[in-house]
Amino acid sequence: MTTDYDPFSSEAMQDPHPLYRQLRAEGCPHFVEKRKAWAITLYDDLRKASLNAGWLDFTAGQTPSQLMLGEPVPHTFMTMNFPHNRKWRGLLEPFYSAAGVEREVPRLKQLIDDEFARLRGRETFDVYHDFANRVMCINAGYNLGLSREDAVAARDLIDRMILNRVPGQEGASTQDSQAAAGELGLLLHQHVQRMRSDADCGGPHGRVLRDAEIDGVRLDDNDLLAYLFSLLVVGSETTPMAVAGTLYYLARDPAQKAQVLADNALAMAAFREPCRYDQPTNMLARRAACDFELNGARIAAGDNLLFVYASANRDERRFENADTFDMNRSNPGDLSFGTGAHFCLGAALAQTSARLMLERLLAAISDYEVIEEQCQRAYGEHLNGFIEMVIRPVWKAAPPSP
């Protein structure tokens with residue numbers, strides 16, 4: 001029986017995994033007639049499509065709402081095809097390489113210490129909002145030359161646009177979402193003007209983009225604003241979701257939680273498993289650039305494509321006990337950061353930042369419990385994970401002052 005699947009249905013946006021199991025059982029890409037889209041849910045199918053860049057057109061958008069609801073598509077390297085993608089992405093790659101991220105570790109540690117100091121001693125705190133999200137949005141703002149205050153304000157507006165959905169909402173369609181988009185546009189427009197008038201303004205990443213010229217093309221104000229928006233978004237939501245998920249799922253398995261509390265060096269292994277098990281980037285969208293066949297599906301040029309990473313990462317054909325959270329699993333190769341030409345630029349930064357945040361938190365506590373009634377998951381088709389995840393920590397004694 002063909003599965004009744006629509007990525008914008010309430011069922012899919014609340015908990016898509018039962019649907020994904022049904023879609024994987026069909027054994028090939030599933031065509032969503034209403035959306036003129038193919039849902040690619042099997043690991044091997046998604047990996048094959050990702051590695052055949054000539055099949056894919058990235059210019060129609062990277063989120064389902066851009067591709068299928070007609071929401072605006074920011075013009076950045078994220079929505080460019082080869083070779084333009086490589087040229088513009090290449091401007092920022094030195095910052096996001098393993099060596100580039102390692103150079104930033106002292107600054108990241110200080111940022112994490114500063115933010116964690118606000119939380120120490122509290123009876124409860126929200127791992128997503130009060131800690132990980134703040135760290136990552138302040139870091140993204142620093143790279144673009146935004147003050148801490150403006151970075152946090154921008155992230156709050158992004159949450160209102162993207163994450164604060166109500167049941168039945170498709171895309172950024174509410175009045176509050178539209179109002180937040182207008183406020184964010186003004187905040188970023190003002191920052192672009194500061195970057196134009198002050199050569200030192202813009203942060204290390206923003207200045208490179210502002211001053212770049214590729215094939216005779218320089219970014220105009222709208223393009224620069226699009227980069228600011230996109231880099232703030234991708235730099236500050238999925239990593240915090242996975243950090244929150246790490247603590248949530250460890251709390252559900254006392255043995256694994258005890259392992260990590262006893263040895264904080266396991267924080268990285270603990271973080272990678274929720275990236276697979278509860279993949280924050282539920283799906284990304286592409287468009288078929290040509291006719292091609294994928295595992296029995298005859299896909300036509302112009303068809304929409306849904307790369308459902310959250311399903312591929314639980315593909316029973318690829319991962320043993322795929323629906324079990326197991327930080328000790330030894331089967332690498334998950335698609336948490338994608339693969340192919342549009343592999344996540346920030347993968348090294350995400351993993352390093354997550355490790356540092358988790359190590360800092362775990363070193364300060366001897367135990368914790370999750371307050372389930374104060375946890376909330378994102379409601380939407382694009383992102384997947386906790387946007388509120390409150391814990392009650394058991395604090396260790398504070399170290400003596402030097």
# chains A, B, ... in the order shown; residues from 1 in each chain; ligands from 1

call {"tool": "residues_around", "arguments": {"residues": "Val233 of chain A", "least_positions_apart": "6", "cutoff": "12 Å", "atoms": "only C-alpha atoms", "output": "mmCIF file with all heavy atoms, in the first residue's frame"}}
result
data_model
loop_
_atom_site.group_PDB
_atom_site.id
_atom_site.type_symbol
_atom_site.label_atom_id
_atom_site.label_comp_id
_atom_site.auth_asym_id
_atom_site.auth_seq_id
_atom_site.Cartn_x
_atom_site.Cartn_y
_atom_site.Cartn_z
ATOM 1 N N PRO A 74 17.364 33.056 -0.647
ATOM 2 C CA PRO A 74 18.563 33.892 -0.529
ATOM 3 C C PRO A 74 19.609 33.462 -1.560
ATOM 4 O O PRO A 74 19.875 32.269 -1.721
ATOM 5 C CB PRO A 74 19.048 33.623 0.902
ATOM 6 C CG PRO A 74 17.855 33.081 1.626
ATOM 7 C CD PRO A 74 17.071 32.326 0.596
ATOM 8 N N ASN A 133 22.249 27.467 22.109
ATOM 9 C CA ASN A 133 21.802 28.394 21.071
ATOM 10 C C ASN A 133 22.476 29.753 21.217
ATOM 11 O O ASN A 133 22.869 30.373 20.220
ATOM 12 C CB ASN A 133 20.281 28.525 21.129
ATOM 13 C CG ASN A 133 19.723 29.427 20.035
ATOM 14 O OD1 ASN A 133 19.408 30.581 20.296
ATOM 15 N ND2 ASN A 133 19.615 28.904 18.832
ATOM 16 N N MET A 136 26.170 29.543 19.995
ATOM 17 C CA MET A 136 26.328 29.448 18.553
ATOM 18 C C MET A 136 25.870 30.711 17.831
ATOM 19 O O MET A 136 26.467 31.098 16.817
ATOM 20 C CB MET A 136 25.596 28.222 18.017
ATOM 21 C CG MET A 136 26.154 26.893 18.522
ATOM 22 S SD MET A 136 27.942 26.677 18.282
ATOM 23 C CE MET A 136 28.051 26.560 16.508
ATOM 24 N N CYS A 137 24.826 31.370 18.305
ATOM 25 C CA CYS A 137 24.394 32.586 17.604
ATOM 26 C C CYS A 137 25.369 33.727 17.877
ATOM 27 O O CYS A 137 25.634 34.546 16.981
ATOM 28 C CB CYS A 137 22.955 32.961 17.957
ATOM 29 S SG CYS A 137 22.689 33.791 19.522
ATOM 30 N N ILE A 138 25.937 33.796 19.080
ATOM 31 C CA ILE A 138 26.939 34.829 19.365
ATOM 32 C C ILE A 138 28.195 34.581 18.530
ATOM 33 O O ILE A 138 28.803 35.524 18.003
ATOM 34 C CB ILE A 138 27.262 34.870 20.874
ATOM 35 C CG1 ILE A 138 26.052 35.406 21.649
ATOM 36 C CG2 ILE A 138 28.492 35.732 21.150
ATOM 37 C CD1 ILE A 138 26.160 35.231 23.158
ATOM 38 N N ASN A 139 28.573 33.313 18.381
ATOM 39 C CA ASN A 139 29.731 32.996 17.535
ATOM 40 C C ASN A 139 29.470 33.366 16.080
ATOM 41 O O ASN A 139 30.327 33.962 15.417
ATOM 42 C CB ASN A 139 30.068 31.516 17.641
ATOM 43 C CG ASN A 139 31.234 31.138 16.758
ATOM 44 O OD1 ASN A 139 32.361 31.568 16.982
ATOM 45 N ND2 ASN A 139 30.982 30.347 15.736
ATOM 46 N N ALA A 140 28.280 33.016 15.566
ATOM 47 C CA ALA A 140 27.946 33.376 14.187
ATOM 48 C C ALA A 140 27.938 34.888 14.020
ATOM 49 O O ALA A 140 28.416 35.421 13.006
ATOM 50 C CB ALA A 140 26.585 32.792 13.810
ATOM 51 N N GLY A 141 27.412 35.598 15.015
ATOM 52 C CA GLY A 141 27.417 37.053 14.956
ATOM 53 C C GLY A 141 28.821 37.628 14.962
ATOM 54 O O GLY A 141 29.126 38.574 14.216
ATOM 55 N N ALA A 151 23.338 39.878 17.765
ATOM 56 C CA ALA A 151 23.305 38.476 17.345
ATOM 57 C C ALA A 151 22.169 37.738 18.049
ATOM 58 O O ALA A 151 21.439 36.963 17.418
ATOM 59 C CB ALA A 151 24.640 37.803 17.641
ATOM 60 N N VAL A 152 22.022 37.969 19.354
ATOM 61 C CA VAL A 152 20.949 37.312 20.098
ATOM 62 C C VAL A 152 19.588 37.814 19.616
ATOM 63 O O VAL A 152 18.640 37.028 19.455
ATOM 64 C CB VAL A 152 21.123 37.542 21.613
ATOM 65 C CG1 VAL A 152 19.894 37.044 22.387
ATOM 66 C CG2 VAL A 152 22.384 36.836 22.117
ATOM 67 N N ALA A 154 18.887 38.917 16.619
ATOM 68 C CA ALA A 154 18.662 38.328 15.299
ATOM 69 C C ALA A 154 18.203 36.886 15.426
ATOM 70 O O ALA A 154 17.287 36.446 14.724
ATOM 71 C CB ALA A 154 19.937 38.415 14.463
ATOM 72 N N ARG A 155 18.829 36.129 16.327
ATOM 73 C CA ARG A 155 18.431 34.730 16.501
ATOM 74 C C ARG A 155 16.999 34.623 17.021
ATOM 75 O O ARG A 155 16.238 33.742 16.600
ATOM 76 C CB ARG A 155 19.392 34.045 17.464
ATOM 77 C CG ARG A 155 19.144 32.572 17.674
ATOM 78 C CD ARG A 155 19.332 31.773 16.406
ATOM 79 N NE ARG A 155 18.105 31.102 16.000
ATOM 80 C CZ ARG A 155 18.005 30.291 14.956
ATOM 81 N NH1 ARG A 155 19.049 30.054 14.181
ATOM 82 N NH2 ARG A 155 16.865 29.735 14.639
ATOM 83 N N ASP A 156 16.602 35.519 17.930
ATOM 84 C CA ASP A 156 15.226 35.509 18.428
ATOM 85 C C ASP A 156 14.240 35.760 17.287
ATOM 86 O O ASP A 156 13.166 35.142 17.221
ATOM 87 C CB ASP A 156 15.046 36.568 19.514
ATOM 88 C CG ASP A 156 15.725 36.186 20.829
ATOM 89 O OD1 ASP A 156 16.057 34.997 20.999
ATOM 90 O OD2 ASP A 156 15.921 37.078 21.682
ATOM 91 N N LEU A 157 14.601 36.662 16.387
ATOM 92 C CA LEU A 157 13.738 36.938 15.237
ATOM 93 C C LEU A 157 13.685 35.742 14.289
ATOM 94 O O LEU A 157 12.629 35.429 13.727
ATOM 95 C CB LEU A 157 14.234 38.194 14.509
ATOM 96 C CG LEU A 157 14.059 39.505 15.282
ATOM 97 C CD1 LEU A 157 14.840 40.635 14.609
ATOM 98 C CD2 LEU A 157 12.580 39.880 15.394
ATOM 99 N N ILE A 158 14.822 35.071 14.106
ATOM 100 C CA ILE A 158 14.846 33.877 13.253
ATOM 101 C C ILE A 158 13.948 32.796 13.849
ATOM 102 O O ILE A 158 13.208 32.110 13.128
ATOM 103 C CB ILE A 158 16.289 33.375 13.077
ATOM 104 C CG1 ILE A 158 17.098 34.365 12.240
ATOM 105 C CG2 ILE A 158 16.308 31.992 12.411
ATOM 106 C CD1 ILE A 158 18.593 34.117 12.261
ATOM 107 N N ASP A 159 13.999 32.637 15.173
ATOM 108 C CA ASP A 159 13.127 31.656 15.822
ATOM 109 C C ASP A 159 11.664 31.979 15.555
ATOM 110 O O ASP A 159 10.857 31.083 15.285
ATOM 111 C CB ASP A 159 13.378 31.628 17.323
ATOM 112 C CG ASP A 159 14.667 30.906 17.686
ATOM 113 O OD1 ASP A 159 15.274 30.284 16.791
ATOM 114 O OD2 ASP A 159 15.068 30.957 18.861
ATOM 115 N N MET A 161 10.475 33.531 13.014
ATOM 116 C CA MET A 161 10.209 33.270 11.597
ATOM 117 C C MET A 161 10.075 31.785 11.295
ATOM 118 O O MET A 161 9.193 31.367 10.555
ATOM 119 C CB MET A 161 11.350 33.832 10.739
ATOM 120 C CG MET A 161 11.409 35.327 10.589
ATOM 121 S SD MET A 161 12.909 35.785 9.675
ATOM 122 C CE MET A 161 12.696 34.877 8.136
ATOM 123 N N ILE A 162 10.985 30.979 11.855
ATOM 124 C CA ILE A 162 11.174 29.610 11.393
ATOM 125 C C ILE A 162 10.679 28.562 12.373
ATOM 126 O O ILE A 162 10.048 27.578 11.977
ATOM 127 C CB ILE A 162 12.672 29.366 11.082
ATOM 128 C CG1 ILE A 162 13.140 30.293 9.950
ATOM 129 C CG2 ILE A 162 12.932 27.915 10.719
ATOM 130 C CD1 ILE A 162 14.629 30.244 9.685
ATOM 131 N N LEU A 163 10.962 28.743 13.663
ATOM 132 C CA LEU A 163 10.750 27.674 14.628
ATOM 133 C C LEU A 163 9.454 27.793 15.412
ATOM 134 O O LEU A 163 8.919 26.782 15.866
ATOM 135 C CB LEU A 163 11.928 27.619 15.616
ATOM 136 C CG LEU A 163 13.292 27.256 15.009
ATOM 137 C CD1 LEU A 163 14.337 27.192 16.102
ATOM 138 C CD2 LEU A 163 13.214 25.931 14.272
ATOM 139 N N LEU A 184 13.955 41.565 11.197
ATOM 140 C CA LEU A 184 15.290 41.019 10.934
ATOM 141 C C LEU A 184 15.895 41.668 9.702
ATOM 142 O O LEU A 184 17.094 41.995 9.688
ATOM 143 C CB LEU A 184 15.202 39.508 10.746
ATOM 144 C CG LEU A 184 16.526 38.798 10.449
ATOM 145 C CD1 LEU A 184 17.503 38.962 11.612
ATOM 146 C CD2 LEU A 184 16.287 37.311 10.173
ATOM 147 N N ALA A 226 21.692 38.710 2.230
ATOM 148 C CA ALA A 226 21.311 37.298 2.121
ATOM 149 C C ALA A 226 22.352 36.400 2.776
ATOM 150 O O ALA A 226 22.011 35.410 3.443
ATOM 151 C CB ALA A 226 21.130 36.919 0.653
ATOM 152 N N TYR A 227 23.625 36.732 2.617
ATOM 153 C CA TYR A 227 24.668 35.943 3.261
ATOM 154 C C TYR A 227 24.605 36.079 4.776
ATOM 155 O O TYR A 227 24.751 35.090 5.514
ATOM 156 C CB TYR A 227 26.052 36.365 2.756
ATOM 157 C CG TYR A 227 26.502 35.600 1.540
ATOM 158 C CD1 TYR A 227 26.405 36.164 0.270
ATOM 159 C CD2 TYR A 227 27.017 34.319 1.650
ATOM 160 C CE1 TYR A 227 26.807 35.467 -0.863
ATOM 161 C CE2 TYR A 227 27.427 33.607 0.530
ATOM 162 C CZ TYR A 227 27.319 34.187 -0.719
ATOM 163 O OH TYR A 227 27.703 33.480 -1.823
ATOM 164 N N THR A 239 23.241 22.734 15.473
ATOM 165 C CA THR A 239 24.175 22.279 16.506
ATOM 166 C C THR A 239 23.550 22.363 17.896
ATOM 167 O O THR A 239 23.632 21.392 18.671
ATOM 168 C CB THR A 239 25.491 23.069 16.444
ATOM 169 O OG1 THR A 239 26.079 22.910 15.155
ATOM 170 C CG2 THR A 239 26.470 22.587 17.506
ATOM 171 N N PRO A 240 22.905 23.474 18.267
ATOM 172 C CA PRO A 240 22.228 23.497 19.575
ATOM 173 C C PRO A 240 21.156 22.434 19.728
ATOM 174 O O PRO A 240 20.981 21.869 20.812
ATOM 175 C CB PRO A 240 21.632 24.911 19.623
ATOM 176 C CG PRO A 240 22.508 25.729 18.748
ATOM 177 C CD PRO A 240 22.911 24.808 17.634
ATOM 178 N N GLY A 346 30.090 23.850 7.706
ATOM 179 C CA GLY A 346 30.384 24.044 9.121
ATOM 180 C C GLY A 346 30.523 22.775 9.930
ATOM 181 O O GLY A 346 30.453 22.833 11.164
ATOM 182 N N LEU A 383 13.346 21.366 9.979
ATOM 183 C CA LEU A 383 14.208 21.109 11.121
ATOM 184 C C LEU A 383 13.542 20.139 12.080
ATOM 185 O O LEU A 383 12.323 20.040 12.157
ATOM 186 C CB LEU A 383 14.544 22.426 11.837
ATOM 187 C CG LEU A 383 15.343 23.418 10.999
ATOM 188 C CD1 LEU A 383 15.529 24.717 11.767
ATOM 189 C CD2 LEU A 383 16.689 22.849 10.585
#

call {"tool": "residues_around", "arguments": {"residues": "Asn52 of chain A", "least_positions_apart": "6", "cutoff": "12 Å", "atoms": "only C-alpha atoms", "output": "MDAnalysis selection string"}}
result
chainID A and resid 45:46 82 288:290 292:294 339:342

call {"tool": "write_last_selection", "arguments": {"atoms": "N, CA, C and O atoms", "output": "mmCIF file, in the first residue's frame"}}
result
data_model
loop_
_atom_site.group_PDB
_atom_site.id
_atom_site.type_symbol
_atom_site.label_atom_id
_atom_site.label_comp_id
_atom_site.auth_asym_id
_atom_site.auth_seq_id
_atom_site.Cartn_x
_atom_site.Cartn_y
_atom_site.Cartn_z
ATOM 1 N N ASP A 45 20.001 5.558 -1.769
ATOM 2 C CA ASP A 45 19.418 6.454 -2.772
ATOM 3 C C ASP A 45 19.853 7.892 -2.538
ATOM 4 O O ASP A 45 20.226 8.613 -3.479
ATOM 5 N N LEU A 46 19.792 8.316 -1.287
ATOM 6 C CA LEU A 46 20.129 9.707 -0.981
ATOM 7 C C LEU A 46 21.616 9.970 -1.245
ATOM 8 O O LEU A 46 21.992 11.004 -1.810
ATOM 9 N N PHE A 82 27.418 24.198 -9.381
ATOM 10 C CA PHE A 82 28.824 24.186 -9.773
ATOM 11 C C PHE A 82 28.973 24.899 -11.121
ATOM 12 O O PHE A 82 28.104 24.748 -11.973
ATOM 13 N N ALA A 288 15.322 18.549 -9.753
ATOM 14 C CA ALA A 288 15.992 17.725 -10.761
ATOM 15 C C ALA A 288 16.415 18.597 -11.938
ATOM 16 O O ALA A 288 15.596 19.306 -12.531
ATOM 17 N N ALA A 289 17.696 18.533 -12.279
ATOM 18 C CA ALA A 289 18.227 19.326 -13.390
ATOM 19 C C ALA A 289 18.075 18.604 -14.727
ATOM 20 O O ALA A 289 18.215 19.223 -15.782
ATOM 21 N N CYS A 290 17.778 17.313 -14.686
ATOM 22 C CA CYS A 290 17.656 16.516 -15.904
ATOM 23 C C CYS A 290 16.817 15.285 -15.581
ATOM 24 O O CYS A 290 16.475 15.032 -14.421
ATOM 25 N N PHE A 292 16.457 11.459 -14.878
ATOM 26 C CA PHE A 292 17.343 10.376 -14.435
ATOM 27 C C PHE A 292 16.513 9.319 -13.713
ATOM 28 O O PHE A 292 15.365 9.565 -13.315
ATOM 29 N N GLU A 293 17.095 8.140 -13.542
ATOM 30 C CA GLU A 293 16.429 7.053 -12.830
ATOM 31 C C GLU A 293 17.160 6.784 -11.536
ATOM 32 O O GLU A 293 18.400 6.736 -11.502
ATOM 33 N N LEU A 294 16.399 6.639 -10.464
ATOM 34 C CA LEU A 294 16.979 6.375 -9.151
ATOM 35 C C LEU A 294 16.205 5.236 -8.498
ATOM 36 O O LEU A 294 15.040 5.406 -8.121
ATOM 37 N N THR A 339 26.582 14.950 2.074
ATOM 38 C CA THR A 339 27.699 14.409 1.314
ATOM 39 C C THR A 339 27.657 15.034 -0.072
ATOM 40 O O THR A 339 26.641 15.600 -0.472
ATOM 41 N N GLY A 340 28.757 14.954 -0.787
ATOM 42 C CA GLY A 340 28.793 15.531 -2.125
ATOM 43 C C GLY A 340 29.170 16.998 -2.133
ATOM 44 O O GLY A 340 29.720 17.526 -1.156
ATOM 45 N N ALA A 341 28.827 17.677 -3.216
ATOM 46 C CA ALA A 341 29.275 19.056 -3.435
ATOM 47 C C ALA A 341 28.784 20.012 -2.359
ATOM 48 O O ALA A 341 29.452 21.001 -2.047
ATOM 49 N N HIS A 342 27.617 19.768 -1.802
ATOM 50 C CA HIS A 342 27.060 20.657 -0.797
ATOM 51 C C HIS A 342 27.188 20.077 0.607
ATOM 52 O O HIS A 342 26.362 20.367 1.482
#

call {"tool": "residues_around", "arguments": {"residues": "Lys87 of chain A", "least_positions_apart": "2", "cutoff": "12 Å", "atoms": "only C-alpha atoms", "output": "list in words"}}
result
Thr76, Phe77, Met78, Met80, Asn81, Phe82, Pro83, His84, Asn85, Arg89, Gly90, Leu91, Leu92, Glu93, Leu209, Ala212, Glu213, Ile214, Asp215, Val217 and Ala341 of chain A

call {"tool": "residues_around", "arguments": {"residues": "Ala398 of chain A", "least_positions_apart": "5", "cutoff": "10 Å", "atoms": "only C-alpha atoms", "output": "list in words"}}
result
Arg120, Gly121, Ala364 and Ile365 of chain A

call {"tool": "write_last_selection", "arguments": {"atoms": "C-alpha atoms", "output": "mmCIF file, in the first residue's frame"}}
result
data_model
loop_
_atom_site.group_PDB
_atom_site.id
_atom_site.type_symbol
_atom_site.label_atom_id
_atom_site.label_comp_id
_atom_site.auth_asym_id
_atom_site.auth_seq_id
_atom_site.Cartn_x
_atom_site.Cartn_y
_atom_site.Cartn_z
ATOM 1 C CA ARG A 120 26.041 27.903 37.148
ATOM 2 C CA GLY A 121 24.086 27.392 40.340
ATOM 3 C CA ALA A 364 30.421 21.011 36.224
ATOM 4 C CA ILE A 365 27.761 18.450 37.159
#

call {"tool": "closest_residue", "arguments": {"among": "A:Ala312, A:Met327, A:Ala98, A:Cys344", "to": "Arg47 of chain A", "atoms": "only C-alpha atoms"}}
result
A:Ala312

call {"tool": "closest_residue", "arguments": {"among": "A:Val234, A:Ala244, A:Leu306, A:Cys275", "to": "Ala39 of chain A", "atoms": "only C-alpha atoms"}}
result
A:Leu306

call {"tool": "atom_distance", "arguments": {"atom1": "atom CA of Phe95 of chain A", "atom2": "atom CA of Gln66 of chain A"}}
result
27.9 Å
